[in-house]
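Structure, as structure tokens:
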Amino acid sequence: MGLVDEAVRSGARLKEVCKILGIDPTTIQRWKAQEIGDDRRAGPRTTPANKITKRERLLILYYMNLPQYRDLSPRQIVPILAEKGIYLASEATIYRILKEEKQLAHRSSSEAPKKVGRPRHLVATGPCQVWSWDITYLPTDVKGLFYYLYMIVDIWSRKIVGWSIHKEESGEWAALLMEEACRREGIDPDSLDLHMDRGSPMKSATFLGTLQRLGVAPSFSRPKVSDDNPYSESLFRTLKYCPAYPNNGFQSLEEAEKWVSLFVAWYNTEHRHSQIHFVTPEQRHNGEDIEILEARKKTYLEARLKNPKRWSGEIRDWNRIEVVHLNPPPKKELELEVA
């Protein structure tokens with residue numbers, strides 16, 4: 001306590017002093033109030049009943065470093081193992097063990113996500129109710145020359161329902177893609193909202209006329225706001241920060257189409273999406289996620305029954321997400337809408 005007081009009198013902040021000593025500042029304040037002059041911490045006198053054993057720790061590290069899992073985060077691995085009837089520990093425990101073993105690293109070169117604004121509020125309670133679409137640049141091996149990737153995503157299932165690549169931005173290409181996607185998904189007239197920004201292809205007479213003929217209701221981002229289309233922007237972010245993305249550009253349109261085709265197949269059928277409880281977009285779109293989520297819930301309930309001391313409350317929420325919002329209003333306004 002004398003050393004702490006001396007450091008503080010010399011100008012050091014109590015918080016930083018406590019950080020070096022490994023003591024919480026509130027502990028110091030309590031010791032002063034109780035006139036305790038020395039470190040009285042005794043530590044736990046018994047081993048916690050829920051302590052991870054050495055064997056369990058090695059098993060966790062074994063699974064985390066398997067070739068099929070070592071490039072995934074524990075948030076993705078835990079649901080996959082739960083489907084197979086395997087429960088190792090909570091995500092927090094796995095993260096702590098990996099941190100202690102210096103096996104945690106930020107692999108993404110992307111910037112931190114930015115806050116998304118909101119235009120008109122749209123709600124999806126099932127597939128093919130609300131789609132989002134946009135166009136992004138694909139670099140070529142010639143500086144300043146790009147291809148244009150048109151992509152449509154279902155916001156409820158996150159499934160990519162349509163895409164194409166062209167050498168220019170055009171309302172005609174967008175209209176053809178939209179017709180093809182609606183035909184493939186069997187869209188009924190007046191059953192679909194399509195959200196987009198205010199680019200020239202989106203506002204072209206050809207494209208808007210096609211939407212009217214198909215019975216699709218258009219929804220636009222606010223003027224001069226670039227982040228009112230979060231689902232498409234998030235999808236493009238995933239695409240461009242994919243480890244296999246060719247940062248040196250595509251050499252031909254055919255090469256770009258081949259790469260995007262592989263990406264779409266992976267994204268729809270293999271990618272465990274964090275916002276739909278780590279099922280694939282295809283599984284959710286087709287309703288297969290119901291059985292998968294029930295299997296995970298069963299695994300967790302059995303794990304809690306087997307070792308109840310490790311559970312202080314309810315199991316992890318594996319309930320299906322039934323409602324998806326696009327640019328929702330503030331929580332209070334949303335509650336009024338629901339009421």
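Chain identifiers are assigned as A, B, and so on, following the order in which chains appear in the structure tokens; residues are numbered from 1 within each chain, and ligands are numbered from 1 in order of appearance.
Within 9 Å of region 262-268 of chain A, once only C-alpha atoms are used and residues closer than 5 positions along the same chain are dropped, the contacting residues are Arg158, Lys159, Ile160, Trp163, Leu239, Cys242, Glu257, His273, Thr280, Pro281, Glu282 and Gln283 of chain A.
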With N, CA and C atoms retained, export the selected residues as a compact mmCIF listing (two decimals), in the first residue's frame.
```txt
# COMPACT_ATOMS: atom_id res chain seq x y z
N ARG A 158 -30.11 -14.77 -46.46
CA ARG A 158 -28.76 -14.37 -46.91
C ARG A 158 -28.29 -15.14 -48.15
N LYS A 159 -29.21 -15.79 -48.82
CA LYS A 159 -28.84 -16.54 -50.02
C LYS A 159 -28.67 -15.58 -51.20
N ILE A 160 -27.61 -15.80 -51.99
CA ILE A 160 -27.42 -15.06 -53.23
C ILE A 160 -28.36 -15.68 -54.27
N TRP A 163 -26.84 -13.30 -59.83
CA TRP A 163 -25.62 -12.52 -60.06
C TRP A 163 -25.24 -12.59 -61.53
N LEU A 239 -17.07 -10.95 -49.82
CA LEU A 239 -16.49 -11.39 -51.10
C LEU A 239 -15.08 -10.84 -51.27
N CYS A 242 -12.42 -12.24 -48.86
CA CYS A 242 -12.23 -13.69 -48.92
C CYS A 242 -10.76 -13.97 -49.19
N GLU A 257 -15.98 -14.55 -63.98
CA GLU A 257 -17.21 -15.32 -63.84
C GLU A 257 -16.96 -16.66 -63.17
N HIS A 273 -23.20 -18.54 -41.68
CA HIS A 273 -23.43 -17.10 -41.50
C HIS A 273 -23.75 -16.80 -40.04
N THR A 280 -26.01 -22.37 -43.15
CA THR A 280 -25.72 -21.82 -44.46
C THR A 280 -26.97 -21.13 -45.02
N PRO A 281 -26.80 -20.15 -45.92
CA PRO A 281 -27.97 -19.51 -46.53
C PRO A 281 -28.90 -20.50 -47.23
N GLU A 282 -28.33 -21.50 -47.89
CA GLU A 282 -29.15 -22.49 -48.59
C GLU A 282 -29.99 -23.28 -47.60
N GLN A 283 -29.41 -23.68 -46.46
CA GLN A 283 -30.14 -24.43 -45.45
C GLN A 283 -31.31 -23.62 -44.91
```
Item to check | Contacts of Asp190 (chain A) within 8 Å, only C-alpha atoms, excl. fewer than 4 positions in-chain, as a PyMOL selection string | outcome: chain A and resi 214-217
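Each of A:Trp133, A:Tyr245, A:Tyr300, A:Trp156 was checked against Glu233 (chain A) using only C-alpha atoms; the smallest atom-to-atom distance is that of A:Trp133.
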Do you know which residues are at most 12 Å from Thr140 (chain A) counting only C-alpha atoms, after dropping those on the same chain fewer than 3 positions away, and could you put them as a short mmCIF file (atom, residue, chain, number, x, y, z; two decimals) with C-alpha atoms, in the first residue's frame?
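Result saved to selection.cif:
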```cif
data_model
loop_
_atom_site.label_atom_id
_atom_site.label_comp_id
_atom_site.auth_asym_id
_atom_site.auth_seq_id
_atom_site.Cartn_x
_atom_site.Cartn_y
_atom_site.Cartn_z
CA TYR A 137 -16.32 -3.15 -59.04
CA LYS A 143 -5.02 -0.36 -63.90
CA GLY A 144 -8.22 1.71 -64.07
CA LEU A 145 -10.22 -0.98 -65.89
CA PHE A 146 -12.98 -2.83 -64.02
CA TYR A 147 -15.73 -5.39 -64.47
CA TYR A 148 -19.09 -4.83 -62.80
CA LYS A 167 -18.16 -4.71 -68.71
CA PRO A 246 -7.42 -12.15 -56.47
CA ASN A 247 -6.05 -8.81 -55.29
CA ASN A 248 -4.01 -8.46 -58.49
CA GLY A 249 -7.17 -8.40 -60.58
CA PHE A 250 -8.87 -10.68 -63.09
CA GLN A 251 -7.27 -11.30 -66.46
CA SER A 252 -10.54 -11.82 -68.33
CA LEU A 253 -14.31 -11.70 -67.94
CA GLU A 254 -14.43 -15.50 -68.11
CA GLU A 255 -11.94 -15.78 -65.23
CA ALA A 256 -14.03 -13.36 -63.13
#
```
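Residue neighbourhood of Phe220 (chain A), excluding near-sequence residues (fewer than 2 positions): Pro119, Arg120, Leu194, His195, Met196, Asp197, Arg198, Met202, Pro218, Arg222, Pro223, Asp228 and Asn229 of chain A, at 9 Å, using only C-alpha atoms.
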Output of the above residues as an mmCIF file, in the first residue's frame, restricted to C-alpha atoms:
```
data_model
loop_
_atom_site.group_PDB
_atom_site.id
_atom_site.type_symbol
_atom_site.label_atom_id
_atom_site.label_comp_id
_atom_site.auth_asym_id
_atom_site.auth_seq_id
_atom_site.Cartn_x
_atom_site.Cartn_y
_atom_site.Cartn_z
ATOM 1 C CA PRO A 119 -34.186 4.397 -45.126
ATOM 2 C CA ARG A 120 -37.690 2.853 -45.361
ATOM 3 C CA LEU A 194 -36.387 -4.925 -53.670
ATOM 4 C CA HIS A 195 -34.039 -2.529 -51.878
ATOM 5 C CA MET A 196 -31.238 -0.701 -53.703
ATOM 6 C CA ASP A 197 -29.246 2.517 -53.796
ATOM 7 C CA ARG A 198 -29.864 5.372 -56.246
ATOM 8 C CA MET A 202 -31.318 1.256 -60.416
ATOM 9 C CA PRO A 218 -38.797 -0.883 -55.295
ATOM 10 C CA ARG A 222 -31.624 7.901 -48.962
ATOM 11 C CA PRO A 223 -29.932 10.392 -51.314
ATOM 12 C CA ASP A 228 -28.306 2.454 -46.452
ATOM 13 C CA ASN A 229 -27.982 -0.925 -48.181
#
```
Next on the checklist: When DSSP is applied to the backbone of this structure, which of region 64-95 of chain A are assigned helix (DSSP H, G or I)? Write them out as a VMD selection string.
Outcome noted: chain A and resid 64 74 to 83 91 to 95
Include C-alpha atoms and write out the residues we just selected as a PDB file, in the first residue's frame.
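Saved to result-v5.pdb:
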```
ATOM      1  CA  MET A  64      -9.382 -25.929 -32.814  1.00  0.00           C
ATOM      2  CA  PRO A  74     -14.629 -20.522 -32.166  1.00  0.00           C
ATOM      3  CA  ARG A  75     -17.945 -18.751 -32.886  1.00  0.00           C
ATOM      4  CA  GLN A  76     -18.152 -20.763 -36.102  1.00  0.00           C
ATOM      5  CA  ILE A  77     -16.604 -24.003 -34.835  1.00  0.00           C
ATOM      6  CA  VAL A  78     -18.840 -24.452 -31.777  1.00  0.00           C
ATOM      7  CA  PRO A  79     -22.127 -24.616 -33.765  1.00  0.00           C
ATOM      8  CA  ILE A  80     -20.605 -27.004 -36.314  1.00  0.00           C
ATOM      9  CA  LEU A  81     -19.468 -29.386 -33.555  1.00  0.00           C
ATOM     10  CA  ALA A  82     -22.839 -29.098 -31.815  1.00  0.00           C
ATOM     11  CA  GLU A  83     -24.535 -30.422 -34.954  1.00  0.00           C
ATOM     12  CA  GLU A  91     -17.195 -20.148 -26.470  1.00  0.00           C
ATOM     13  CA  ALA A  92     -15.799 -17.887 -23.753  1.00  0.00           C
ATOM     14  CA  THR A  93     -13.769 -20.763 -22.304  1.00  0.00           C
ATOM     15  CA  ILE A  94     -12.435 -21.743 -25.724  1.00  0.00           C
ATOM     16  CA  TYR A  95     -11.447 -18.141 -26.459  1.00  0.00           C
TER      17      TYR A  95
END
```
